[in-house]
>>> print(open('query-v7.pdb').read())   # PDB, C-alpha atoms
MODEL        1
ATOM      1  CA  MET A  14       0.000   0.000   0.000
ATOM      2  CA  ALA A  15       1.404   3.411  -0.987
ATOM      3  CA  ARG A  16       2.626   5.509   1.915
ATOM      4  CA  VAL A  17       0.967   8.907   2.250
ATOM      5  CA  SER A  18       3.505  11.738   2.525
ATOM      6  CA  GLN A  19       3.465  14.247   5.354
ATOM      7  CA  GLU A  20       3.075  16.981   2.738
ATOM      8  CA  HIS A  21      -0.151  15.353   1.556
ATOM      9  CA  LEU A  22      -1.443  15.008   5.133
ATOM     10  CA  ASP A  23      -0.651  18.655   5.874
ATOM     11  CA  ALA A  24      -2.363  19.786   2.664
ATOM     12  CA  ARG A  25      -5.484  17.776   3.479
ATOM     13  CA  ARG A  26      -5.613  19.201   7.002
ATOM     14  CA  ARG A  27      -5.247  22.709   5.533
ATOM     15  CA  GLN A  28      -8.100  21.997   3.100
ATOM     16  CA  ILE A  29     -10.384  20.978   5.964
ATOM     17  CA  LEU A  30      -9.492  23.949   8.165
ATOM     18  CA  ASP A  31      -9.974  26.439   5.321
ATOM     19  CA  GLY A  32     -13.365  24.937   4.465
ATOM     20  CA  ALA A  33     -14.476  25.018   8.097
ATOM     21  CA  ALA A  34     -13.310  28.615   8.532
ATOM     22  CA  ARG A  35     -15.272  29.702   5.462
ATOM     23  CA  CYS A  36     -18.402  27.978   6.782
ATOM     24  CA  PHE A  37     -18.050  29.415  10.284
ATOM     25  CA  ALA A  38     -17.361  32.903   8.957
ATOM     26  CA  ARG A  39     -20.309  32.752   6.553
ATOM     27  CA  ASN A  40     -22.950  31.036   8.686
ATOM     28  CA  GLY A  41     -21.751  31.264  12.271
ATOM     29  CA  PHE A  42     -20.467  28.511  14.516
ATOM     30  CA  HIS A  43     -23.756  27.101  15.795
ATOM     31  CA  ALA A  44     -25.564  27.254  12.453
ATOM     32  CA  THR A  45     -22.804  25.268  10.737
ATOM     33  CA  SER A  46     -23.036  21.483  10.707
ATOM     34  CA  MET A  47     -20.302  18.967  10.027
ATOM     35  CA  GLN A  48     -22.165  18.144   6.787
ATOM     36  CA  ASP A  49     -21.781  21.786   5.751
ATOM     37  CA  ILE A  50     -18.046  21.511   6.350
ATOM     38  CA  LEU A  51     -17.791  18.263   4.375
ATOM     39  CA  ARG A  52     -19.482  19.912   1.390
ATOM     40  CA  GLU A  53     -17.364  23.063   1.648
ATOM     41  CA  ALA A  54     -14.107  21.101   1.856
ATOM     42  CA  GLY A  55     -15.217  18.665  -0.860
ATOM     43  CA  LEU A  56     -14.218  15.641   1.217
ATOM     44  CA  SER A  57     -15.829  12.519   2.604
ATOM     45  CA  ALA A  58     -16.776  12.128   6.246
ATOM     46  CA  GLY A  59     -14.003   9.594   6.722
ATOM     47  CA  ALA A  60     -11.384  11.980   5.351
ATOM     48  CA  VAL A  61     -12.485  14.804   7.653
ATOM     49  CA  TYR A  62     -13.010  12.718  10.804
ATOM     50  CA  ARG A  63      -9.514  11.303  10.419
ATOM     51  CA  TYR A  64      -8.262  14.748  11.425
ATOM     52  CA  PHE A  65     -11.082  16.307  13.441
ATOM     53  CA  ARG A  66     -13.839  14.566  15.379
ATOM     54  CA  SER A  67     -16.113  17.576  15.916
ATOM     55  CA  LYS A  68     -16.795  21.234  15.211
ATOM     56  CA  GLU A  69     -15.261  21.994  18.597
ATOM     57  CA  GLU A  70     -11.939  20.478  17.539
ATOM     58  CA  LEU A  71     -12.040  22.421  14.285
ATOM     59  CA  ILE A  72     -12.716  25.760  15.933
ATOM     60  CA  ALA A  73     -10.014  25.083  18.522
ATOM     61  CA  ALA A  74      -7.518  24.331  15.733
ATOM     62  CA  ILE A  75      -8.469  27.544  13.881
ATOM     63  CA  ALA A  76      -8.061  29.576  17.083
ATOM     64  CA  ASP A  77      -4.720  27.908  17.839
ATOM     65  CA  GLU A  78      -3.434  28.742  14.351
ATOM     66  CA  ALA A  79      -4.487  32.365  14.721
ATOM     67  CA  PHE A  80      -2.672  32.684  18.038
ATOM     68  CA  ALA A  81       0.428  31.013  16.620
ATOM     69  CA  GLY A  82       0.520  33.462  13.712
ATOM     70  CA  ILE A  83       0.110  36.512  15.940
ATOM     71  CA  ARG A  84       2.620  35.242  18.485
ATOM     72  CA  GLY A  85       5.119  34.576  15.686
ATOM     73  CA  ALA A  86       4.743  38.136  14.399
ATOM     74  CA  PHE A  87       5.436  39.554  17.872
ATOM     75  CA  GLU A  88       8.447  37.286  18.418
ATOM     76  CA  ALA A  89       9.894  38.211  15.027
ATOM     77  CA  ALA A  90       9.396  41.900  15.846
ATOM     78  CA  ALA A  91      11.288  41.472  19.128
ATOM     79  CA  ARG A  92      14.287  40.159  17.162
ATOM     80  CA  THR A  93      14.295  43.222  14.869
ATOM     81  CA  THR A  94      16.565  46.166  15.675
ATOM     82  CA  PRO A  95      14.973  48.541  16.314
ATOM     83  CA  PRO A  96      11.637  46.717  16.798
ATOM     84  CA  PRO A  97       8.568  48.127  14.996
ATOM     85  CA  THR A  98       6.485  50.459  17.125
ATOM     86  CA  PRO A  99       3.035  49.260  18.355
ATOM     87  CA  ASP A 100       1.109  51.153  15.665
ATOM     88  CA  VAL A 101       3.142  49.494  12.906
ATOM     89  CA  LEU A 102       3.095  46.009  14.448
ATOM     90  CA  LEU A 103      -0.603  45.945  15.379
ATOM     91  CA  GLY A 104      -1.498  47.306  11.971
ATOM     92  CA  ARG A 105       0.579  44.610  10.304
ATOM     93  CA  VAL A 106      -1.000  41.804  12.354
ATOM     94  CA  LEU A 107      -4.598  42.984  11.960
ATOM     95  CA  ARG A 108      -4.163  43.647   8.254
ATOM     96  CA  SER A 109      -2.921  40.080   7.865
ATOM     97  CA  MET A 110      -5.938  38.724   9.785
ATOM     98  CA  LEU A 111      -8.701  40.889   8.339
ATOM     99  CA  GLU A 112      -7.536  42.006   4.900
ATOM    100  CA  ASP A 113      -4.908  39.796   3.297
ATOM    101  CA  GLN A 114      -6.444  36.328   3.760
ATOM    102  CA  VAL A 115      -9.982  36.435   5.121
ATOM    103  CA  PRO A 116     -11.779  33.062   5.304
ATOM    104  CA  GLY A 117     -15.020  33.323   3.349
ATOM    105  CA  GLY A 118     -13.923  36.671   1.888
ATOM    106  CA  ASP A 119     -16.036  38.728   4.344
ATOM    107  CA  ARG A 120     -13.972  40.510   6.981
ATOM    108  CA  GLN A 121     -16.957  41.473   9.143
ATOM    109  CA  ALA A 122     -18.237  37.887   9.117
ATOM    110  CA  PHE A 123     -14.777  36.664  10.107
ATOM    111  CA  ALA A 124     -14.541  39.243  12.910
ATOM    112  CA  ARG A 125     -17.931  38.041  14.134
ATOM    113  CA  LEU A 126     -16.582  34.498  14.091
ATOM    114  CA  ILE A 127     -13.731  35.590  16.349
ATOM    115  CA  VAL A 128     -16.222  37.153  18.780
ATOM    116  CA  GLN A 129     -18.262  33.918  18.642
ATOM    117  CA  VAL A 130     -15.135  31.985  19.581
ATOM    118  CA  TRP A 131     -14.610  34.247  22.587
ATOM    119  CA  THR A 132     -18.213  33.679  23.662
ATOM    120  CA  GLU A 133     -17.969  29.934  23.116
ATOM    121  CA  THR A 134     -15.163  29.704  25.672
ATOM    122  CA  LEU A 135     -17.744  30.382  28.397
ATOM    123  CA  ARG A 136     -19.236  26.926  27.880
ATOM    124  CA  ASN A 137     -16.541  24.946  26.064
ATOM    125  CA  GLU A 138     -13.664  23.887  28.314
ATOM    126  CA  GLN A 139     -11.471  22.657  25.456
ATOM    127  CA  LEU A 140     -11.766  25.944  23.600
ATOM    128  CA  ALA A 141     -11.311  27.899  26.822
ATOM    129  CA  ALA A 142      -8.050  26.038  27.435
ATOM    130  CA  THR A 143      -6.876  26.743  23.877
ATOM    131  CA  LEU A 144      -7.605  30.450  24.199
ATOM    132  CA  ALA A 145      -6.057  30.669  27.666
ATOM    133  CA  GLU A 146      -2.867  29.071  26.359
ATOM    134  CA  GLY A 147      -2.835  31.344  23.307
ATOM    135  CA  TYR A 148      -3.488  34.447  25.394
ATOM    136  CA  GLY A 149      -0.688  33.509  27.757
ATOM    137  CA  GLY A 150       1.691  33.024  24.836
ATOM    138  CA  MET A 151       0.739  36.409  23.384
ATOM    139  CA  ARG A 152       1.368  38.129  26.720
ATOM    140  CA  LEU A 153       4.823  36.568  26.931
ATOM    141  CA  ALA A 154       5.619  37.527  23.324
ATOM    142  CA  TRP A 155       4.510  41.113  23.914
ATOM    143  CA  ALA A 156       6.484  41.253  27.164
ATOM    144  CA  ARG A 157       9.623  40.224  25.258
ATOM    145  CA  LEU A 158       8.847  42.935  22.712
ATOM    146  CA  VAL A 159       8.576  45.481  25.537
ATOM    147  CA  ASP A 160      12.032  44.365  26.679
ATOM    148  CA  ALA A 161      13.280  44.995  23.143
ATOM    149  CA  TYR A 162      11.721  48.471  23.175
ATOM    150  CA  ARG A 163      13.535  49.233  26.416
ATOM    151  CA  ASP A 164      16.847  47.840  25.181
ATOM    152  CA  ASN A 165      16.568  50.213  22.206
ATOM    153  CA  GLY A 166      15.682  53.204  24.384
ATOM    154  CA  LEU A 167      12.119  53.419  23.041
ATOM    155  CA  MET A 168      10.224  52.834  26.303
ATOM    156  CA  SER A 169      10.789  53.630  29.950
ATOM    157  CA  SER A 170      10.975  50.857  32.552
ATOM    158  CA  ASP A 171       8.541  52.289  35.108
ATOM    159  CA  VAL A 172       5.538  50.167  33.948
ATOM    160  CA  PRO A 173       5.520  46.327  34.160
ATOM    161  CA  ALA A 174       5.926  44.719  30.750
ATOM    162  CA  ASP A 175       2.832  42.560  31.308
ATOM    163  CA  HIS A 176       0.694  45.687  31.809
ATOM    164  CA  VAL A 177       1.828  47.000  28.427
ATOM    165  CA  ALA A 178       1.189  43.586  26.840
ATOM    166  CA  ARG A 179      -2.359  43.380  28.206
ATOM    167  CA  THR A 180      -3.142  46.892  26.992
ATOM    168  CA  LEU A 181      -1.941  46.236  23.451
ATOM    169  CA  ILE A 182      -3.805  42.923  23.269
ATOM    170  CA  ALA A 183      -6.958  44.715  24.455
ATOM    171  CA  THR A 184      -6.458  47.289  21.694
ATOM    172  CA  ALA A 185      -6.402  44.549  19.059
ATOM    173  CA  GLN A 186      -9.429  42.828  20.605
ATOM    174  CA  GLY A 187     -11.351  46.101  20.665
ATOM    175  CA  PHE A 188     -10.616  46.713  16.994
ATOM    176  CA  ILE A 189     -11.873  43.230  16.094
ATOM    177  CA  ALA A 190     -15.020  43.802  18.176
ATOM    178  CA  GLN A 191     -15.684  47.097  16.362
ATOM    179  CA  GLU A 192     -15.335  45.359  13.005
ATOM    180  CA  ALA A 193     -17.710  42.599  14.141
ATOM    181  CA  LEU A 194     -20.348  45.011  15.437
ATOM    182  CA  PHE A 195     -20.170  47.880  12.964
ATOM    183  CA  GLY A 196     -18.026  46.820  10.003
ATOM    184  CA  ASP A 197     -15.947  49.014   7.705
ATOM    185  CA  VAL A 198     -13.330  49.756  10.355
ATOM    186  CA  GLN A 199     -10.069  50.500   8.573
ATOM    187  CA  VAL A 200      -6.742  49.294   9.936
ATOM    188  CA  GLU A 201      -5.308  52.720   9.052
ATOM    189  CA  ALA A 202      -7.602  54.231  11.707
ATOM    190  CA  LEU A 203      -6.008  52.053  14.378
ATOM    191  CA  GLU A 204      -2.508  52.884  13.160
ATOM    192  CA  ASP A 205      -3.245  56.623  13.084
ATOM    193  CA  GLY A 206      -4.917  56.584  16.498
ATOM    194  CA  LEU A 207      -2.076  54.714  18.163
ATOM    195  CA  ARG A 208       0.501  56.945  16.513
ATOM    196  CA  ALA A 209      -1.310  60.048  17.814
ATOM    197  CA  LEU A 210      -1.533  58.640  21.339
ATOM    198  CA  MET A 211       2.136  57.666  21.268
ATOM    199  CA  SER A 212       3.065  61.244  20.340
ATOM    200  CA  MET A 213       1.326  62.839  23.334
ATOM    201  CA  LYS A 214       3.502  64.778  25.775
ATOM    202  CA  ASP A 215       2.821  65.696  29.368
ATOM    203  CA  PRO A 216       2.149  69.488  29.402
ATOM    204  CA  LYS A 217       3.751  69.683  32.865
ATOM    205  CA  ILE A 218       7.072  68.637  31.351
ATOM    206  CA  SER A 219       8.818  71.491  29.575
TER     207      SER A 219
ENDMDL
END
>>> encode(input="query-v7.pdb", output="structure tokens")
Amino acid sequence: MARVSQEHLDARRRQILDGAARCFARNGFHATSMQDILREAGLSAGAVYRYFRSKEELIAAIADEAFAGIRGAFEAAARTTPPPTPDVLLGRVLRSMLEDQVPGGDRQAFARLIVQVWTETLRNEQLAATLAEGYGGMRLAWARLVDAYRDNGLMSSDVPADHVARTLIATAQGFIAQEALFGDVQVEALEDGLRALMSMKDPKIS
């Protein structure tokens, strides 16, 4: 019997995840059935269930991939000298998520999917664990980036790195929530707003 290559297995897994993401983004998590995903991916039940046993496993895998991509961007930024400022880095990450490759082709639908995932963690322990692990990894990556800012003389050391990390993560989450609720939120607005805030000076300091 011919041996299936790892490249083929990875490509098949990618095909399933992309199909599931398009379905979830288009129809929502709860309104999507495994049959919908089978049709979207163009695969048999056996082919899909070999990789994922349920919608919950699929959504957890999609969330884990998203965290890995964001964490990788932060870690790469920390290795750059000087590291990109928060407005540039957050803009780059969000543009990648919501503009460059949007599952289903609808950025607002995909942002709503992300909000659905956050809500689903309230009742799904597996997904909650995935998001908690991803959130923890993002905080560590941002904290290392803060260290890089300080090493390059771009940020003072009087605020804990984790406080900065939490604030920047909340900024990204808020932008995604705005896109989900209202749509047509441009990444340039986030970049401009952060850049303006970063330029503020204390009037008491001459």
>>> resolve_selection(input="query-v7.pdb", expression="the PyMOL selection byres ((chain A and resi 182) around 12)", output="MDAnalysis selection string")
chainID A and resid 80 83:84 87 99 102:103 106:107 147:156 175:181 183:189
>>> residues_around(input="query-v7.pdb", residues="stretch 122-129 of chain A", least_positions_apart="6", cutoff="8 Å", atoms="only C-alpha atoms", output="list in words")
Phe37, Ala38, Arg39, Gly41, Phe42, Leu111, Val115, Pro116, Ile189, Ala190, Glu192, Ala193 and Leu194 of chain A
>>> residues_around(input="query-v7.pdb", residues="A:Tyr162", least_positions_apart="2", cutoff="12 Å", atoms="all atoms listed in the file", output="mmCIF file with C-alpha atoms, in the frame of the given file")
data_model
loop_
_atom_site.group_PDB
_atom_site.id
_atom_site.type_symbol
_atom_site.label_atom_id
_atom_site.label_comp_id
_atom_site.auth_asym_id
_atom_site.auth_seq_id
_atom_site.Cartn_x
_atom_site.Cartn_y
_atom_site.Cartn_z
ATOM 1 C CA ALA A 90 9.396 41.900 15.846
ATOM 2 C CA ALA A 91 11.288 41.472 19.128
ATOM 3 C CA ARG A 92 14.287 40.159 17.162
ATOM 4 C CA THR A 93 14.295 43.222 14.869
ATOM 5 C CA THR A 94 16.565 46.166 15.675
ATOM 6 C CA PRO A 95 14.973 48.541 16.314
ATOM 7 C CA PRO A 96 11.637 46.717 16.798
ATOM 8 C CA PRO A 97 8.568 48.127 14.996
ATOM 9 C CA THR A 98 6.485 50.459 17.125
ATOM 10 C CA PRO A 99 3.035 49.260 18.355
ATOM 11 C CA TRP A 155 4.510 41.113 23.914
ATOM 12 C CA ALA A 156 6.484 41.253 27.164
ATOM 13 C CA ARG A 157 9.623 40.224 25.258
ATOM 14 C CA LEU A 158 8.847 42.935 22.712
ATOM 15 C CA VAL A 159 8.576 45.481 25.537
ATOM 16 C CA ASP A 160 12.032 44.365 26.679
ATOM 17 C CA ASP A 164 16.847 47.840 25.181
ATOM 18 C CA ASN A 165 16.568 50.213 22.206
ATOM 19 C CA GLY A 166 15.682 53.204 24.384
ATOM 20 C CA LEU A 167 12.119 53.419 23.041
ATOM 21 C CA MET A 168 10.224 52.834 26.303
ATOM 22 C CA SER A 169 10.789 53.630 29.950
ATOM 23 C CA SER A 170 10.975 50.857 32.552
ATOM 24 C CA ALA A 174 5.926 44.719 30.750
ATOM 25 C CA VAL A 177 1.828 47.000 28.427
#
>>> residues_around(input="query-v7.pdb", residues="A:Glu53", least_positions_apart="6", cutoff="10 Å", atoms="only C-alpha atoms", output="PyMOL selection string")
chain A and resi 28-29+31-36+47
>>> closest_residue(input="query-v7.pdb", among="A:His43, A:Arg25, A:Arg163, A:Arg105", to="A:Ser57", atoms="all atoms listed in the file")
A:Arg25
>>> atom_distance(input="query-v7.pdb", atom1="atom CA of A:Asp77", atom2="atom CA of A:Leu144")
7.4 Å
>>> atom_distance(input="query-v7.pdb", atom1="atom CA of A:Ala60", atom2="atom CA of A:Glu78")
20.6 Å
>>> closest_residue(input="query-v7.pdb", among="A:Leu56, A:Ala81, A:Arg120, A:Arg66", to="A:Gly196", atoms="only C-alpha atoms")
A:Arg120
>>> residues_around(input="query-v7.pdb", residues="A:Lys68", least_positions_apart="3", cutoff="8 Å", atoms="all atoms listed in the file", output="list in words")
Ser46, Met47, Phe65, Leu71 and Ile72 of chain A
>>> atom_distance(input="query-v7.pdb", atom1="atom CA of A:Gln139", atom2="atom CA of A:Ile75")
12.9 Å
>>> resolve_selection(input="query-v7.pdb", expression="the PyMOL selection byres ((chain A and resi 206) around 12)", output="PyMOL selection string")
chain A and resi 99-101+103-104+184+188+199-205+207-213
>>> closest_residue(input="query-v7.pdb", among="A:Ala89, A:Val172, A:Val198, A:Leu51", to="A:Ser67", atoms="all atoms listed in the file")
A:Leu51
